[in-house]
file input.cif (mmCIF, C-alpha atoms)
data_coords
loop_
_atom_site.label_atom_id
_atom_site.label_comp_id
_atom_site.auth_asym_id
_atom_site.auth_seq_id
_atom_site.Cartn_x
_atom_site.Cartn_y
_atom_site.Cartn_z
CA MET L 1 28.00 -22.83 -36.59
CA GLY L 2 27.21 -23.12 -40.32
CA ARG L 3 26.66 -20.03 -42.43
CA ARG L 4 22.96 -20.66 -42.93
CA LYS L 5 22.35 -21.05 -39.19
CA LEU L 6 24.47 -17.98 -38.47
CA LYS L 7 22.40 -16.04 -41.00
CA LYS L 8 19.16 -17.05 -39.26
CA VAL L 9 20.57 -16.02 -35.87
CA PHE L 10 21.69 -12.68 -37.34
CA TRP L 11 18.24 -11.88 -38.76
CA GLY L 12 16.58 -13.11 -35.57
CA LEU L 13 18.66 -10.66 -33.53
CA LEU L 14 17.77 -7.82 -35.88
CA PHE L 15 14.05 -8.48 -35.43
CA LEU L 16 14.55 -8.60 -31.66
CA LEU L 17 16.12 -5.15 -31.99
CA GLY L 18 13.00 -4.12 -33.90
CA ALA L 19 10.85 -5.36 -31.01
CA LEU L 20 13.04 -3.39 -28.60
CA ALA L 21 12.67 -0.28 -30.77
CA LEU L 22 8.87 -0.66 -30.67
CA LEU L 23 8.94 -0.93 -26.87
CA LEU L 24 11.28 2.05 -26.44
CA GLY L 25 9.18 4.12 -28.82
CA GLN L 26 6.02 3.46 -26.83
CA LEU L 27 7.89 4.43 -23.64
CA GLY L 28 8.96 7.72 -25.20
CA TYR L 29 12.67 6.99 -25.42
CA LEU L 30 12.79 7.44 -29.20
CA GLU L 31 11.23 10.87 -29.29
CA GLY L 32 11.56 12.38 -32.76
CA LEU L 33 12.14 8.98 -34.35
CA GLY L 34 9.22 7.00 -35.73
CA PHE L 35 9.02 3.27 -35.09
CA TRP L 36 8.81 2.38 -38.77
CA SER L 37 11.86 4.45 -39.67
CA VAL L 38 13.81 2.68 -36.93
CA PHE L 39 12.47 -0.74 -37.97
CA PHE L 40 13.25 -0.27 -41.67
CA SER L 41 16.68 1.10 -40.76
CA ILE L 42 17.39 -2.08 -38.82
CA VAL L 43 16.25 -4.29 -41.73
CA LEU L 44 18.23 -2.26 -44.28
CA PHE L 45 21.28 -2.39 -42.04
CA GLY L 46 20.95 -6.17 -41.97
CA ILE L 47 20.81 -6.26 -45.79
CA LEU L 48 23.87 -4.00 -45.90
CA ILE L 49 25.87 -6.34 -43.65
CA GLU L 50 24.75 -9.39 -45.65
CA GLY L 51 25.71 -7.65 -48.89
CA MET L 52 29.15 -6.82 -47.50
CA LEU L 53 29.71 -10.40 -46.40
CA THR L 54 28.69 -11.80 -49.81
CA VAL L 55 30.27 -8.92 -51.76
CA SER L 56 26.94 -8.10 -53.42
CA PHE L 57 27.23 -4.57 -54.80
CA GLY L 58 23.48 -4.32 -55.41
CA GLU L 59 22.59 -5.19 -51.82
CA ILE L 60 25.26 -2.83 -50.47
CA LEU L 61 24.34 0.23 -52.55
CA PHE L 62 20.56 -0.19 -52.51
CA SER L 63 20.51 -0.81 -48.75
CA LEU L 64 22.59 2.34 -48.27
CA ALA L 65 20.16 4.19 -50.54
CA GLY L 66 17.26 2.88 -48.47
CA LEU L 67 18.91 4.01 -45.25
CA ILE L 68 19.38 7.51 -46.67
CA ILE L 69 15.78 7.68 -47.91
CA VAL L 70 14.30 6.46 -44.62
CA ASN L 71 16.43 8.90 -42.60
CA ASP L 72 16.65 11.79 -45.05
CA GLU L 73 15.20 14.35 -42.63
CA LEU L 74 17.57 13.29 -39.87
CA LEU L 75 20.52 13.48 -42.29
CA HIS L 76 19.22 16.69 -43.96
CA LEU L 77 19.41 15.02 -47.38
CA GLU L 78 15.83 15.59 -48.54
CA ALA L 79 17.13 17.31 -51.69
CA ILE L 80 18.54 14.08 -53.14
CA THR L 81 15.85 11.58 -52.07
CA PRO L 82 14.48 9.37 -53.36
CA TRP L 83 15.23 9.33 -57.09
CA THR L 84 18.76 10.76 -57.08
CA VAL L 85 19.86 8.31 -54.41
CA LEU L 86 18.21 5.38 -56.19
CA GLY L 87 19.76 6.44 -59.50
CA VAL L 88 23.21 6.57 -57.92
CA ALA L 89 22.67 3.12 -56.40
CA LEU L 90 21.52 1.69 -59.75
CA LEU L 91 24.36 3.14 -61.82
CA GLY L 92 26.90 2.34 -59.12
CA THR L 93 25.76 -1.29 -58.98
CA ILE L 94 25.97 -1.67 -62.75
CA GLY L 95 29.41 -0.05 -62.88
CA LEU L 96 30.88 -2.10 -60.04
CA ASN L 97 29.48 -5.34 -61.47
CA ILE L 98 31.11 -4.53 -64.82
CA ILE L 99 34.47 -3.72 -63.23
CA PHE L 100 34.37 -6.56 -60.70
CA PRO L 101 32.35 -9.43 -62.22
CA LYS L 102 31.42 -12.16 -59.79
CA ARG L 103 33.15 -15.50 -59.94
CA LYS L 104 31.39 -18.30 -58.09
CA LYS L 105 33.38 -21.21 -56.74
CA TRP L 106 31.99 -24.65 -56.25
CA LYS L 107 32.87 -27.31 -53.71
CA ILE L 108 31.74 -30.76 -54.73
CA HIS L 109 31.56 -33.50 -52.13
CA LYS L 110 32.27 -37.14 -52.80
CA GLY L 111 29.29 -39.16 -53.88
CA SER L 112 28.10 -36.28 -56.12
CA HIS L 113 26.86 -34.24 -53.14
CA TRP L 114 27.77 -30.58 -53.41
CA ASN L 115 27.79 -27.53 -51.27
CA ASN L 116 28.25 -24.06 -52.68
CA VAL L 117 30.56 -21.80 -50.70
CA TRP L 118 27.68 -19.49 -49.75
CA HIS L 119 25.93 -22.39 -48.01
CA GLY L 120 28.75 -23.17 -45.59
CA GLY L 121 29.17 -26.72 -44.39
CA LYS L 122 32.08 -29.11 -44.10
CA ASP L 123 34.60 -29.34 -46.91
CA SER L 124 35.91 -32.81 -46.23
CA GLY L 125 36.60 -34.57 -49.51
CA ALA L 126 35.75 -31.52 -51.58
CA ILE L 127 37.30 -31.00 -55.00
CA GLY L 128 37.34 -28.02 -57.33
CA CYS L 129 34.86 -27.87 -60.20
CA HIS L 130 35.12 -25.95 -63.46
CA VAL L 131 32.08 -23.82 -64.30
CA GLU L 132 30.98 -23.20 -67.88
CA GLU L 133 28.98 -20.18 -68.98
CA ASP L 134 27.15 -19.78 -72.26
CA ASN L 135 25.41 -16.50 -73.06
CA GLY L 136 23.32 -18.01 -75.87
CA GLU L 137 19.80 -19.41 -75.60
CA ILE L 138 21.01 -22.99 -75.08
CA LEU L 139 23.22 -23.93 -72.13
CA SER L 140 25.04 -27.25 -72.15
CA GLY L 141 27.87 -29.06 -70.42
CA GLU L 142 28.27 -31.05 -67.22
CA ASP L 143 28.66 -27.88 -65.15
CA ILE L 144 26.66 -24.79 -66.10
CA HIS L 145 26.77 -21.27 -64.67
CA TYR L 146 24.52 -18.44 -65.81
CA GLU L 147 23.68 -15.10 -64.23
CA VAL L 148 21.48 -12.18 -65.19
CA SER L 149 21.32 -8.69 -63.67
CA PHE L 150 18.97 -5.82 -64.51
CA GLY L 151 17.29 -7.66 -67.35
CA GLY L 152 15.45 -10.77 -68.43
CA ALA L 153 16.62 -14.02 -70.00
CA ILE L 154 15.20 -17.33 -71.19
CA LYS L 155 17.60 -20.29 -71.25
CA TYR L 156 17.29 -23.93 -72.29
CA ILE L 157 19.38 -26.59 -70.56
CA SER L 158 20.21 -29.16 -73.23
CA GLY L 159 22.60 -32.03 -73.90
CA GLN L 160 23.97 -35.14 -72.23
CA GLY L 161 25.44 -35.52 -68.75
CA ILE L 162 24.03 -32.43 -67.02
CA SER L 163 25.31 -32.61 -63.44
CA ARG L 164 25.48 -29.18 -61.78
CA VAL L 165 23.75 -25.91 -62.60
CA PHE L 166 24.28 -22.57 -60.87
CA LEU L 167 21.77 -19.78 -61.56
CA GLU L 168 22.02 -16.23 -60.27
CA CYS L 169 19.46 -13.49 -60.80
CA SER L 170 19.50 -9.99 -59.33
CA PHE L 171 17.10 -7.20 -60.29
CA GLY L 172 15.82 -9.23 -63.22
CA ASN L 173 13.93 -12.29 -64.40
CA LEU L 174 15.35 -15.66 -65.45
CA GLU L 175 13.45 -18.56 -67.00
CA VAL L 176 15.23 -21.90 -67.38
CA TYR L 177 13.84 -24.96 -69.19
CA PHE L 178 15.09 -28.49 -68.47
CA ASN L 179 12.89 -30.26 -71.04
CA ASP L 180 15.80 -31.34 -73.26
CA ALA L 181 18.31 -32.04 -70.49
CA VAL L 182 19.73 -35.53 -69.95
CA LEU L 183 20.97 -35.80 -66.38
CA LYS L 184 24.22 -37.50 -65.48
CA ASP L 185 23.41 -40.71 -63.59
CA ASN L 186 19.77 -39.52 -63.53
CA ARG L 187 20.42 -36.72 -61.05
CA ALA L 188 21.59 -33.11 -61.02
CA ASP L 189 22.15 -30.35 -58.49
CA VAL L 190 20.82 -26.85 -59.07
CA ALA L 191 22.01 -23.92 -56.95
CA VAL L 192 20.00 -20.69 -57.14
CA ASP L 193 20.86 -17.24 -55.84
CA CYS L 194 18.00 -14.81 -56.36
CA SER L 195 17.86 -11.28 -54.96
CA PHE L 196 15.38 -8.58 -56.00
CA GLY L 197 14.29 -10.68 -58.96
CA SER L 198 12.59 -13.90 -59.99
CA ILE L 199 13.72 -17.32 -61.20
CA GLU L 200 11.39 -19.80 -62.89
CA LEU L 201 12.45 -23.40 -63.48
CA TYR L 202 10.49 -25.56 -65.93
CA VAL L 203 11.02 -29.23 -65.12
CA PRO L 204 9.50 -32.33 -66.80
CA SER L 205 6.60 -33.63 -64.72
CA GLY L 206 8.16 -37.10 -64.70
CA TRP L 207 11.12 -35.87 -62.63
CA LYS L 208 11.38 -35.87 -58.85
CA VAL L 209 12.35 -32.48 -57.40
CA ILE L 210 13.82 -32.04 -53.91
CA THR L 211 14.10 -28.44 -52.66
CA ASN L 212 15.95 -26.72 -49.85
CA ILE L 213 15.51 -22.97 -50.31
CA ASP L 214 16.49 -20.36 -47.73
CA ASN L 215 14.09 -17.38 -47.92
CA SER L 216 14.87 -13.88 -46.67
CA PHE L 217 11.86 -11.67 -47.44
CA GLY L 218 11.31 -13.84 -50.50
CA GLY L 219 9.22 -16.78 -51.61
CA ALA L 220 9.64 -20.15 -53.32
CA GLU L 221 6.87 -22.38 -54.59
CA GLU L 222 6.05 -25.23 -56.95
CA SER L 223 3.43 -25.22 -59.69
CA GLY L 224 1.96 -28.53 -60.77
CA TYR L 225 3.04 -31.94 -59.55
CA GLY L 226 6.20 -33.94 -60.10
CA ASP L 227 6.67 -37.69 -59.88
CA PRO L 228 7.81 -38.64 -56.35
CA ASP L 229 9.09 -41.91 -57.78
CA GLY L 230 10.67 -40.38 -60.88
CA GLU L 231 13.89 -41.88 -62.18
CA ASN L 232 15.41 -38.43 -62.73
CA VAL L 233 16.01 -36.42 -59.55
CA LEU L 234 16.70 -32.68 -59.39
CA TYR L 235 18.07 -31.24 -56.13
CA VAL L 236 17.36 -27.50 -55.91
CA LYS L 237 19.08 -25.51 -53.17
CA GLY L 238 19.86 -21.86 -52.64
CA ASP L 239 18.87 -18.42 -51.40
CA VAL L 240 15.96 -16.18 -52.34
CA SER L 241 16.20 -12.66 -50.88
CA PHE L 242 13.54 -10.07 -51.73
CA GLY L 243 12.64 -12.17 -54.73
CA HIS L 244 10.56 -15.08 -55.94
CA MET L 245 11.26 -18.53 -57.35
CA VAL L 246 8.80 -20.95 -58.96
CA ILE L 247 9.40 -24.54 -60.05
CA HIS L 248 6.94 -25.48 -62.80
CA HIS L 249 6.27 -29.18 -63.39
CA VAL L 250 5.38 -29.39 -67.09
#

call {"tool": "encode", "arguments": {"input": "input.cif", "output": "structure tokens"}}
result
Amino acid sequence: MGRRKLKKVFWGLLFLLGALALLLGQLGYLEGLGFWSVFFSIVLFGILIEGMLTVSFGEILFSLAGLIIVNDELLHLEAITPWTVLGVALLGTIGLNIIFPKRKKWKIHKGSHWNNVWHGGKDSGAIGCHVEEDNGEILSGEDIHYEVSFGGAIKYISGQGISRVFLECSFGNLEVYFNDAVLKDNRADVAVDCSFGSIELYVPSGWKVITNIDNSFGGAEESGYGDPDGENVLYVKGDVSFGHMVIHHV
């Protein structure tokens, strides 16, 4: 079972547990526990597990903070909720991300088809791929990687032979413009990972855009219209969790 399918099964089971909690609450078996506290605890527990599997410090600490806030009376921790707990989660996330910066690995399939490690899938014929990162306003190179956390950034993809772009945004906002990008062999792959933030992609209206976005309490949409017969093709895949992504055709 691929990782994306396993993820859907996992969240499906959690919501079934929520349905069971609602039933047990109505039958009086959860006396002293409100349905919504149980439901949110289940959802936050799911985020915690997902954060542990993906080694996302923000998801881990903020889900733990949420669990404490929702169950503060039961845990007798009312004195530190909500702001102290949220402050600890925020500072802890920043500190851990500084000490242990993320390093994404790519797996590129033959025929220019790729599959990021957090998408699962078969690795037959995969090769390693170097990732470049540029913290300036302009990003260039065949393979580009940029991430922003707890802030905002505007980046311009520029230059010849753009092939693969990885964008990560957590607790922030990221705007990326492809107006000056020249795609390698008229196609490029864009992987997005957005959690508790927003990503906006600005793509020339003459390009064809193909999307495959996995949403977990998030949203992805397109603004404007692209050219379904465009010579340049942009493949956008990824995850949006508690966030929002918009592809603007300009």

call {"tool": "resolve_selection", "arguments": {"input": "input.cif", "expression": "the PyMOL selection byres ((chain L and resi 250) around 10)", "output": "ChimeraX atom specification"}}
result
/L:177-179,201-207,223-226,247-249

call {"tool": "write_last_selection", "arguments": {"input": "input.cif", "atoms": "C-alpha atoms", "output": "compact mmCIF listing (two decimals), keeping the file's coordinate frame"}}
result
# COMPACT_ATOMS: atom_id res chain seq x y z
CA TYR L 177 13.84 -24.96 -69.19
CA PHE L 178 15.09 -28.49 -68.47
CA ASN L 179 12.89 -30.26 -71.04
CA LEU L 201 12.45 -23.40 -63.48
CA TYR L 202 10.49 -25.56 -65.93
CA VAL L 203 11.02 -29.23 -65.12
CA PRO L 204 9.50 -32.33 -66.80
CA SER L 205 6.60 -33.63 -64.72
CA GLY L 206 8.16 -37.10 -64.70
CA TRP L 207 11.12 -35.87 -62.63
CA SER L 223 3.43 -25.22 -59.69
CA GLY L 224 1.96 -28.53 -60.77
CA TYR L 225 3.04 -31.94 -59.55
CA GLY L 226 6.20 -33.94 -60.10
CA ILE L 247 9.40 -24.54 -60.05
CA HIS L 248 6.94 -25.48 -62.80
CA HIS L 249 6.27 -29.18 -63.39

call {"tool": "atom_distance", "arguments": {"input": "input.cif", "atom1": "CA of Leu167 (chain L)", "atom2": "CA of Gly238 (chain L)"}}
result
9.4 Å

call {"tool": "closest_residue", "arguments": {"input": "input.cif", "among": "L:Asn215, L:Ser63, L:Thr84, L:Ser163", "to": "Ala188 (chain L)", "atoms": "all atoms listed in the file"}}
result
L:Ser163

call {"tool": "residues_around", "arguments": {"input": "input.cif", "residues": "Glu142 (chain L)", "least_positions_apart": "3", "cutoff": "9 Å", "atoms": "only C-alpha atoms", "output": "list of chain:residue names"}}
result
L:Val131, L:Glu132, L:Gly159, L:Gln160, L:Gly161, L:Ile162, L:Ser163, L:Arg164, L:Val165, L:Leu183, L:Lys184

call {"tool": "closest_residue", "arguments": {"input": "input.cif", "among": "L:Gly92, L:Glu168, L:Asp229, L:Glu175", "to": "Lys155 (chain L)", "atoms": "all atoms listed in the file"}}
result
L:Glu175

call {"tool": "resolve_selection", "arguments": {"input": "input.cif", "expression": "the PyMOL selection byres ((chain L and resi 241) around 9)", "output": "compact mmCIF listing (two decimals) with C-alpha atoms, in the coordinates of the input"}}
result
# COMPACT_ATOMS: atom_id res chain seq x y z
CA ASP L 193 20.86 -17.24 -55.84
CA CYS L 194 18.00 -14.81 -56.36
CA SER L 195 17.86 -11.28 -54.96
CA PHE L 196 15.38 -8.58 -56.00
CA GLY L 197 14.29 -10.68 -58.96
CA ASP L 214 16.49 -20.36 -47.73
CA ASN L 215 14.09 -17.38 -47.92
CA SER L 216 14.87 -13.88 -46.67
CA PHE L 217 11.86 -11.67 -47.44
CA GLY L 218 11.31 -13.84 -50.50
CA GLY L 219 9.22 -16.78 -51.61
CA ASP L 239 18.87 -18.42 -51.40
CA VAL L 240 15.96 -16.18 -52.34
CA PHE L 242 13.54 -10.07 -51.73
CA GLY L 243 12.64 -12.17 -54.73
CA HIS L 244 10.56 -15.08 -55.94

call {"tool": "atom_distance", "arguments": {"input": "input.cif", "atom1": "CA of Ile47 (chain L)", "atom2": "CA of Glu59 (chain L)"}}
result
6.4 Å

call {"tool": "closest_residue", "arguments": {"input": "input.cif", "among": "L:Glu200, L:Val88, L:Val209, L:Ala220", "to": "Val236 (chain L)", "atoms": "all atoms listed in the file"}}
result
L:Val209

call {"tool": "closest_residue", "arguments": {"input": "input.cif", "among": "L:Glu222, L:Met245, L:Ile210, L:Arg187", "to": "Cys169 (chain L)", "atoms": "all atoms listed in the file"}}
result
L:Met245

call {"tool": "closest_residue", "arguments": {"input": "input.cif", "among": "L:Gly34, L:Gly28, L:Gly141, L:Gly151", "to": "Leu74 (chain L)", "atoms": "all atoms listed in the file"}}
result
L:Gly34

call {"tool": "resolve_selection", "arguments": {"input": "input.cif", "expression": "the PyMOL selection byres ((chain L and resi 174) around 6)", "output": "compact mmCIF listing (two decimals) with C-alpha atoms, in the frame of the given file"}}
result
# COMPACT_ATOMS: atom_id res chain seq x y z
CA GLY L 152 15.45 -10.77 -68.43
CA ALA L 153 16.62 -14.02 -70.00
CA ILE L 154 15.20 -17.33 -71.19
CA ASN L 173 13.93 -12.29 -64.40
CA GLU L 175 13.45 -18.56 -67.00
CA ILE L 199 13.72 -17.32 -61.20

call {"tool": "atom_distance", "arguments": {"input": "input.cif", "atom1": "CA of Ile42 (chain L)", "atom2": "CA of Ile213 (chain L)"}}
result
23.9 Å
